[in-house]
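Novice: Contents of upload20.cif (mmCIF, C-alpha atoms):
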```
data_upload
loop_
_atom_site.label_atom_id
_atom_site.label_comp_id
_atom_site.auth_asym_id
_atom_site.auth_seq_id
_atom_site.Cartn_x
_atom_site.Cartn_y
_atom_site.Cartn_z
CA MET A 2 56.08 -57.53 86.87
CA PHE A 3 55.77 -56.36 83.29
CA ASP A 4 59.40 -55.48 82.80
CA ASN A 5 59.80 -58.25 80.33
CA LEU A 6 57.03 -58.71 77.74
CA MET A 7 56.90 -61.73 75.59
CA GLU A 8 56.07 -61.38 71.95
CA SER A 9 53.19 -63.61 70.95
CA LYS A 10 54.41 -64.13 67.42
CA PRO A 11 57.74 -63.05 66.11
CA LYS A 12 57.60 -60.69 63.09
CA LYS A 13 58.78 -62.09 59.87
CA LYS A 14 61.01 -59.91 57.77
CA LYS A 15 59.84 -59.35 54.17
CA SER A 16 62.10 -60.45 51.48
CA GLY A 17 63.25 -58.19 48.66
CA PRO A 18 60.81 -59.49 46.00
CA GLN A 19 57.86 -59.01 48.32
CA VAL A 20 58.85 -55.41 48.98
CA LEU A 21 59.09 -54.72 45.24
CA MET A 22 55.71 -56.33 44.58
CA SER A 23 54.13 -54.25 47.36
CA ILE A 24 55.57 -51.05 45.96
CA ALA A 25 54.41 -51.94 42.45
CA ALA A 26 50.91 -52.70 43.71
CA HIS A 27 50.70 -49.36 45.48
CA VAL A 28 51.97 -47.57 42.39
CA VAL A 29 49.31 -49.27 40.25
CA ILE A 30 46.53 -48.44 42.72
CA VAL A 31 47.60 -44.80 43.04
CA GLY A 32 47.97 -44.45 39.25
CA ALA A 33 44.54 -45.95 38.66
CA ALA A 34 43.03 -43.59 41.22
CA VAL A 35 44.67 -40.59 39.55
CA TRP A 36 43.51 -41.69 36.07
CA VAL A 37 39.93 -42.25 37.23
CA THR A 38 39.93 -38.88 38.97
CA GLN A 39 41.14 -37.07 35.81
CA GLY A 40 38.48 -38.78 33.68
CA ALA A 41 35.80 -37.76 36.14
CA ALA A 42 37.01 -34.18 36.11
CA GLU A 43 36.82 -34.04 32.30
CA THR A 44 33.31 -35.55 32.38
CA VAL A 45 32.19 -32.95 34.91
CA LYS A 46 33.61 -30.16 32.72
CA ARG A 47 31.73 -31.47 29.68
CA ILE A 48 28.50 -31.72 31.66
CA LEU A 49 28.92 -28.19 32.92
CA ALA A 50 29.67 -26.97 29.40
CA ASP A 51 26.58 -28.73 28.04
CA THR A 52 24.32 -27.36 30.76
CA THR A 53 25.51 -23.76 30.64
CA MET A 54 22.48 -21.44 30.60
CA VAL A 55 22.47 -18.88 27.83
CA PHE A 56 19.96 -16.04 28.06
CA LEU A 57 18.86 -14.91 24.61
CA GLU A 58 17.28 -11.51 24.13
CA PRO A 59 13.71 -11.98 22.88
CA PRO A 60 12.96 -10.45 19.46
CA LYS A 61 11.61 -6.93 19.63
CA ALA A 62 8.02 -6.47 18.56
CA PRO A 63 7.68 -4.54 15.28
CA PRO A 64 6.39 -0.99 15.66
CA PRO A 65 2.67 -0.61 15.05
CA PRO A 66 1.77 0.55 11.55
CA PRO A 67 0.71 4.17 11.20
CA ASP A 68 -2.96 4.84 11.26
CA GLN A 69 -4.36 4.55 7.77
CA PRO A 70 -7.51 6.33 6.70
CA PRO A 71 -10.39 4.21 5.40
CA PRO A 72 -10.02 3.42 1.69
CA ASP A 73 -13.09 5.45 0.75
CA VAL A 74 -12.01 8.64 2.49
CA VAL A 75 -10.79 11.48 0.30
CA VAL A 76 -7.26 12.45 1.45
CA SER A 77 -6.33 15.98 0.46
CA ALA A 78 -4.70 19.09 1.86
CA ASN A 79 -8.08 20.77 1.45
CA PRO A 80 -10.64 17.94 1.51
CA PRO A 81 -14.25 18.41 0.48
CA PRO A 82 -16.91 18.66 3.18
CA GLN A 83 -18.73 15.62 4.45
CA GLY A 84 -22.35 15.87 3.44
CA PHE A 85 -24.76 15.15 0.65
CA GLN A 86 -25.55 16.09 -2.93
CA VAL A 87 -28.78 17.67 -4.12
CA VAL A 88 -30.61 16.42 -7.18
CA LEU A 89 -31.84 19.41 -9.19
CA PRO A 90 -34.67 19.10 -11.69
CA PRO A 91 -33.79 19.98 -15.30
CA ASP A 92 -34.96 23.28 -16.73
CA VAL A 93 -36.53 21.49 -19.67
CA ILE A 94 -38.28 18.20 -19.03
CA PRO A 95 -37.06 15.70 -21.65
CA LYS A 96 -39.71 14.03 -23.75
CA GLU A 97 -37.60 10.93 -24.27
CA ILE A 98 -35.66 8.75 -21.87
CA PRO A 99 -32.02 9.83 -22.04
CA PRO A 100 -29.41 7.18 -22.76
CA VAL A 101 -27.81 5.45 -19.77
CA ASP A 102 -24.15 6.34 -19.29
CA LEU A 103 -22.44 3.39 -17.56
CA ASN A 104 -19.32 5.49 -16.98
CA GLN A 105 -21.21 7.97 -14.84
CA HIS A 106 -20.16 7.74 -11.19
CA PHE A 107 -22.97 7.32 -8.65
CA ASP A 108 -22.70 6.73 -4.90
CA ALA A 109 -25.96 6.40 -2.96
CA ARG A 110 -24.19 7.54 0.22
CA ASP A 111 -23.86 11.01 -1.31
CA PHE A 112 -27.65 11.43 -1.24
CA THR A 113 -28.49 10.62 2.39
CA GLY A 114 -29.38 14.20 3.37
CA LYS A 115 -26.89 14.07 6.27
CA GLY A 116 -24.12 16.60 6.78
CA VAL A 117 -23.36 19.66 4.69
CA GLU A 118 -25.31 20.35 1.53
CA GLY A 119 -23.03 20.06 -1.49
CA GLY A 120 -20.61 17.70 0.27
CA ILE A 121 -19.95 14.00 -0.25
CA ALA A 122 -20.06 11.00 2.07
CA ALA A 123 -16.30 10.41 1.74
CA GLY A 124 -15.50 14.01 2.70
CA VAL A 125 -14.23 15.35 6.01
CA VAL A 126 -16.19 17.18 8.66
CA GLY A 127 -15.20 20.84 8.41
CA GLY A 128 -13.67 20.44 4.95
CA THR A 129 -13.95 23.31 2.52
CA GLY A 130 -12.34 21.90 -0.62
CA PRO A 131 -14.05 21.33 -3.96
CA VAL A 132 -16.03 18.17 -4.59
CA ASP A 133 -13.67 16.75 -7.19
CA ALA A 134 -14.66 13.15 -6.62
CA GLN A 135 -18.15 13.74 -8.04
CA VAL A 136 -18.60 14.08 -11.79
CA PHE A 137 -21.83 15.63 -13.06
CA LEU A 138 -23.57 15.52 -16.39
CA GLU A 139 -24.04 18.75 -18.32
CA ALA A 140 -27.80 18.58 -17.77
CA ASN A 141 -27.35 18.43 -13.98
CA VAL A 142 -25.28 21.59 -13.41
CA ASP A 143 -26.44 25.18 -13.07
CA ASP A 144 -23.71 26.59 -15.34
CA GLN A 145 -22.31 24.41 -18.09
CA PRO A 146 -18.60 24.61 -19.01
CA THR A 147 -17.77 27.14 -21.71
CA LEU A 148 -14.68 27.30 -23.90
CA ILE A 149 -12.06 29.96 -23.15
CA SER A 150 -9.34 28.91 -25.58
CA ALA A 151 -9.08 25.90 -27.88
CA GLY A 152 -5.98 23.78 -28.31
CA PRO A 153 -4.05 23.62 -31.58
CA ASN A 154 -5.91 22.16 -34.53
CA ARG A 155 -3.27 20.01 -36.20
CA TYR A 156 -4.92 18.88 -39.40
CA PRO A 157 -3.32 15.64 -40.69
CA GLU A 158 -1.28 16.73 -43.72
CA VAL A 159 -2.08 13.62 -45.73
CA LEU A 160 -5.81 14.21 -45.35
CA ARG A 161 -5.43 17.95 -45.97
CA ALA A 162 -3.54 17.29 -49.21
CA ALA A 163 -6.23 14.86 -50.28
CA GLY A 164 -8.94 17.39 -49.46
CA ILE A 165 -10.63 15.06 -46.96
CA ALA A 166 -12.77 16.69 -44.28
CA GLY A 167 -13.63 15.02 -41.04
CA LYS A 168 -15.55 15.09 -37.80
CA VAL A 169 -14.63 13.63 -34.43
CA VAL A 170 -16.96 13.30 -31.42
CA VAL A 171 -15.02 13.37 -28.15
CA LYS A 172 -16.14 12.70 -24.58
CA PHE A 173 -14.11 13.94 -21.59
CA VAL A 174 -14.30 15.38 -18.07
CA ILE A 175 -13.59 19.05 -17.37
CA ASP A 176 -12.29 19.42 -13.80
CA THR A 177 -12.99 22.21 -11.33
CA THR A 178 -10.09 24.28 -12.72
CA GLY A 179 -11.48 24.21 -16.27
CA HIS A 180 -8.90 21.77 -17.67
CA PRO A 181 -9.80 18.47 -19.38
CA GLU A 182 -8.61 15.40 -17.52
CA PRO A 183 -6.34 13.56 -20.02
CA SER A 184 -7.21 10.11 -18.68
CA THR A 185 -10.91 10.67 -19.44
CA ILE A 186 -10.60 11.70 -23.12
CA GLN A 187 -12.39 9.13 -25.27
CA ILE A 188 -13.17 9.06 -28.98
CA VAL A 189 -16.88 8.36 -29.42
CA SER A 190 -16.78 8.42 -33.23
CA THR A 191 -14.57 9.65 -36.08
CA THR A 192 -14.91 9.80 -39.84
CA HIS A 193 -11.27 8.78 -40.24
CA PRO A 194 -8.83 7.22 -37.71
CA ALA A 195 -6.16 9.78 -38.60
CA PHE A 196 -8.26 12.55 -37.02
CA ALA A 197 -8.37 10.84 -33.59
CA ASN A 198 -4.96 11.89 -32.27
CA ALA A 199 -5.39 15.43 -33.55
CA ALA A 200 -8.73 15.69 -31.76
CA LYS A 201 -7.27 14.35 -28.49
CA GLU A 202 -4.41 16.85 -28.60
CA MET A 203 -6.79 19.71 -29.29
CA VAL A 204 -9.04 18.76 -26.34
CA SER A 205 -6.18 18.14 -23.89
CA LYS A 206 -4.75 21.64 -24.49
CA SER A 207 -8.05 23.51 -24.35
CA VAL A 208 -9.16 25.63 -21.38
CA PHE A 209 -12.76 26.07 -20.18
CA HIS A 210 -14.77 27.92 -17.64
CA PRO A 211 -15.67 25.07 -15.21
CA GLY A 212 -19.23 23.97 -14.68
CA LYS A 213 -20.89 25.19 -11.49
CA ILE A 214 -23.60 24.15 -9.06
CA ARG A 215 -24.90 26.83 -6.70
CA GLY A 216 -21.86 28.91 -7.52
CA GLY A 217 -19.32 26.18 -6.77
CA ALA A 218 -17.10 24.65 -9.45
CA VAL A 219 -17.67 20.96 -10.14
CA ALA A 220 -16.28 18.37 -12.53
CA VAL A 221 -18.51 17.86 -15.57
CA LEU A 222 -18.64 15.13 -18.19
CA VAL A 223 -19.08 16.70 -21.64
CA GLN A 224 -19.30 15.51 -25.21
CA GLN A 225 -18.22 17.73 -28.08
CA ALA A 226 -17.77 17.48 -31.82
CA ILE A 227 -14.62 18.72 -33.57
CA ASN A 228 -14.80 19.49 -37.30
CA PHE A 229 -11.78 19.35 -39.59
CA THR A 230 -12.11 21.35 -42.83
CA PRO A 231 -9.24 21.46 -45.36
#
```
Translate the structure described by the file into structure tokens.
Specialist:
Amino acid sequence: MFDNLMESKPKKKKSGPQVLMSIAAHVVIVGAAVWVTQGAAETVKRILADTTMVFLEPPKAPPPPPDQPPPDVVVSANPPPQGFQVVLPPDVIPKEIPPVDLNQHFDARDFTGKGVEGGIAAGVVGGTGPVDAQVFLEANVDDQPTLISAGPNRYPEVLRAAGIAGKVVVKFVIDTTGHPEPSTIQIVSTTHPAFANAAKEMVSKSVFHPGKIRGGAVAVLVQQAINFTP
């Protein structure tokens, strides 16, 4: 029954120009698709490059500073003891008010009565070193400093030749070893400026027995006169 089928519409054969146009259209479509795909791939690469996560190592915290002692603590290999000073009455009661020395060191914390007698507030518990930080007046020590050997007396030649005599009053601190502290040497008065340097040199090279309180050596502020005779 169906041995012979009838074609509803006969197929038309494409002409040569139509075939060429179809091929060209397909080539254009495929080329456009390839170009668009390449552009998308480059865009994706740039996006990935821009969004790449980089893990940076955080900066290391600086090491903590070493423990520093308080500024008022005496740092020494053999520090003085922590304690208090004792005010001793003078052997001879003065009849006049002594002059006030503004250079004299005074710390009220050294007279609290707490700690070891003879120590200072800035000392260290268990310390046995000398109390170098405290400077005493000659009137406040048990044993005043005494001269062992004087430094050279270099008389200024110009004044010696002229026959000019002089006198220099010098103030300085004698430490616990019996040596004058160079930074404390001060000229109180002089009869001639040329004698000043000679007096300083003589004092700086002198040696003393140190002043003492209760048998312990202490620093003492002294004032002495040096005479120059041609």
Novice: If you measure from atom CA of Gly127 of chain A to atom CA of Gly179 of chain A, what distance in Å do you get, rounded to one decimal?
Specialist: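 Going from atom CA of Gly127 of chain A over to atom CA of Gly179 of chain A covers 25.2 Å.
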Novice: Translate the PyMOL selection byres ((chain A and resi 152-163) around 6) into a concrete residue list for this structure, as a PDB file with C-alpha atoms, in the frame of the given file.
Specialist:
```pdb
ATOM      1  CA  ALA A 151      -9.080  25.900 -27.880  1.00  0.00           C
ATOM      2  CA  GLY A 164      -8.940  17.390 -49.460  1.00  0.00           C
ATOM      3  CA  ILE A 165     -10.630  15.060 -46.960  1.00  0.00           C
ATOM      4  CA  ALA A 199      -5.390  15.430 -33.550  1.00  0.00           C
ATOM      5  CA  MET A 203      -6.790  19.710 -29.290  1.00  0.00           C
ATOM      6  CA  LYS A 206      -4.750  21.640 -24.490  1.00  0.00           C
ATOM      7  CA  SER A 207      -8.050  23.510 -24.350  1.00  0.00           C
ATOM      8  CA  PRO A 231      -9.240  21.460 -45.360  1.00  0.00           C
TER       9      PRO A 231
END
```
Novice: Box in all listed atoms of segment 81-99 of chain A, axis-aligned, with 4 Å more on each side; write out centre and edge lengths in Å to one decimal as JSON.
Specialist:
```
{"center_x": -27.0, "center_y": 16.0, "center_z": -9.9, "size_x": 33.5, "size_y": 22.5, "size_z": 36.7}
```
Novice: Atom CA of Ala218 of chain A and atom CA of Ala109 of chain A, how far apart in Å?
Specialist: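 Distance reported for this atom pair: 21.3 Å.
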Novice: Of the candidates A:Phe209, A:Phe229, A:Phe173, A:Phe196, which shows the shortest atom-to-atom distance to Leu148 of chain A, using all atoms listed in the file?
Specialist: A:Phe209
Novice: Can you pull out the residues contacting Val174 of chain A? Cut-off 8 Å, using only C-alpha atoms, and skip same-chain residues under 6 positions away; I want them as a PDB file with C-alpha atoms, keeping the file's coordinate frame.
Specialist:
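Saved result, out33.pdb, follows:
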```pdb
ATOM      1  CA  VAL A 136     -18.600  14.080 -11.790  1.00  0.00           C
ATOM      2  CA  PRO A 181      -9.800  18.470 -19.380  1.00  0.00           C
ATOM      3  CA  GLU A 182      -8.610  15.400 -17.520  1.00  0.00           C
ATOM      4  CA  THR A 185     -10.910  10.670 -19.440  1.00  0.00           C
ATOM      5  CA  ILE A 186     -10.600  11.700 -23.120  1.00  0.00           C
ATOM      6  CA  ALA A 220     -16.280  18.370 -12.530  1.00  0.00           C
ATOM      7  CA  VAL A 221     -18.510  17.860 -15.570  1.00  0.00           C
ATOM      8  CA  LEU A 222     -18.640  15.130 -18.190  1.00  0.00           C
ATOM      9  CA  VAL A 223     -19.080  16.700 -21.640  1.00  0.00           C
TER      10      VAL A 223
END
```
Novice: Taking all atoms listed in the file into account, name the residue in A:Gln86, A:Thr147, A:Gln135, A:Asn228 that is nearest to Ser190 of chain A.
Specialist: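 That would be A:Asn228, the residue with the smallest distance to Ser190 of chain A.
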Novice: Hey, can you check how far atom CA of Ile121 of chain A sits from atom CA of Ile214 of chain A?
Specialist: 13.9 Å
Novice: To verify the selection step, state as a CSV table (one decimal) with C-alpha atoms, in the frame of the given file which residues the PyMOL selection byres ((chain A and resi 224) around 6) yields on this input.
Specialist:
```csv
chain,number,residue,atom,x,y,z
A,171,VAL,CA,-15.0,13.4,-28.2
A,172,LYS,CA,-16.1,12.7,-24.6
A,223,VAL,CA,-19.1,16.7,-21.6
A,225,GLN,CA,-18.2,17.7,-28.1
```
Novice: May I have the residues within 8 Å of Ile188 of chain A as a list in words, using only C-alpha atoms and disregarding those fewer than 3 positions away in the same chain?
Specialist: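 Close residues of Ile188 of chain A: Val169, Val170, Val171, Lys172, Thr191, Ala197 and Lys201 of chain A.
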Novice: Here is a test: counting only C-alpha atoms, which residue of A:Lys168, A:Arg215, A:His210, A:His180 is nearest to Thr192 of chain A?
Specialist: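 Nearest to Thr192 of chain A: A:Lys168.
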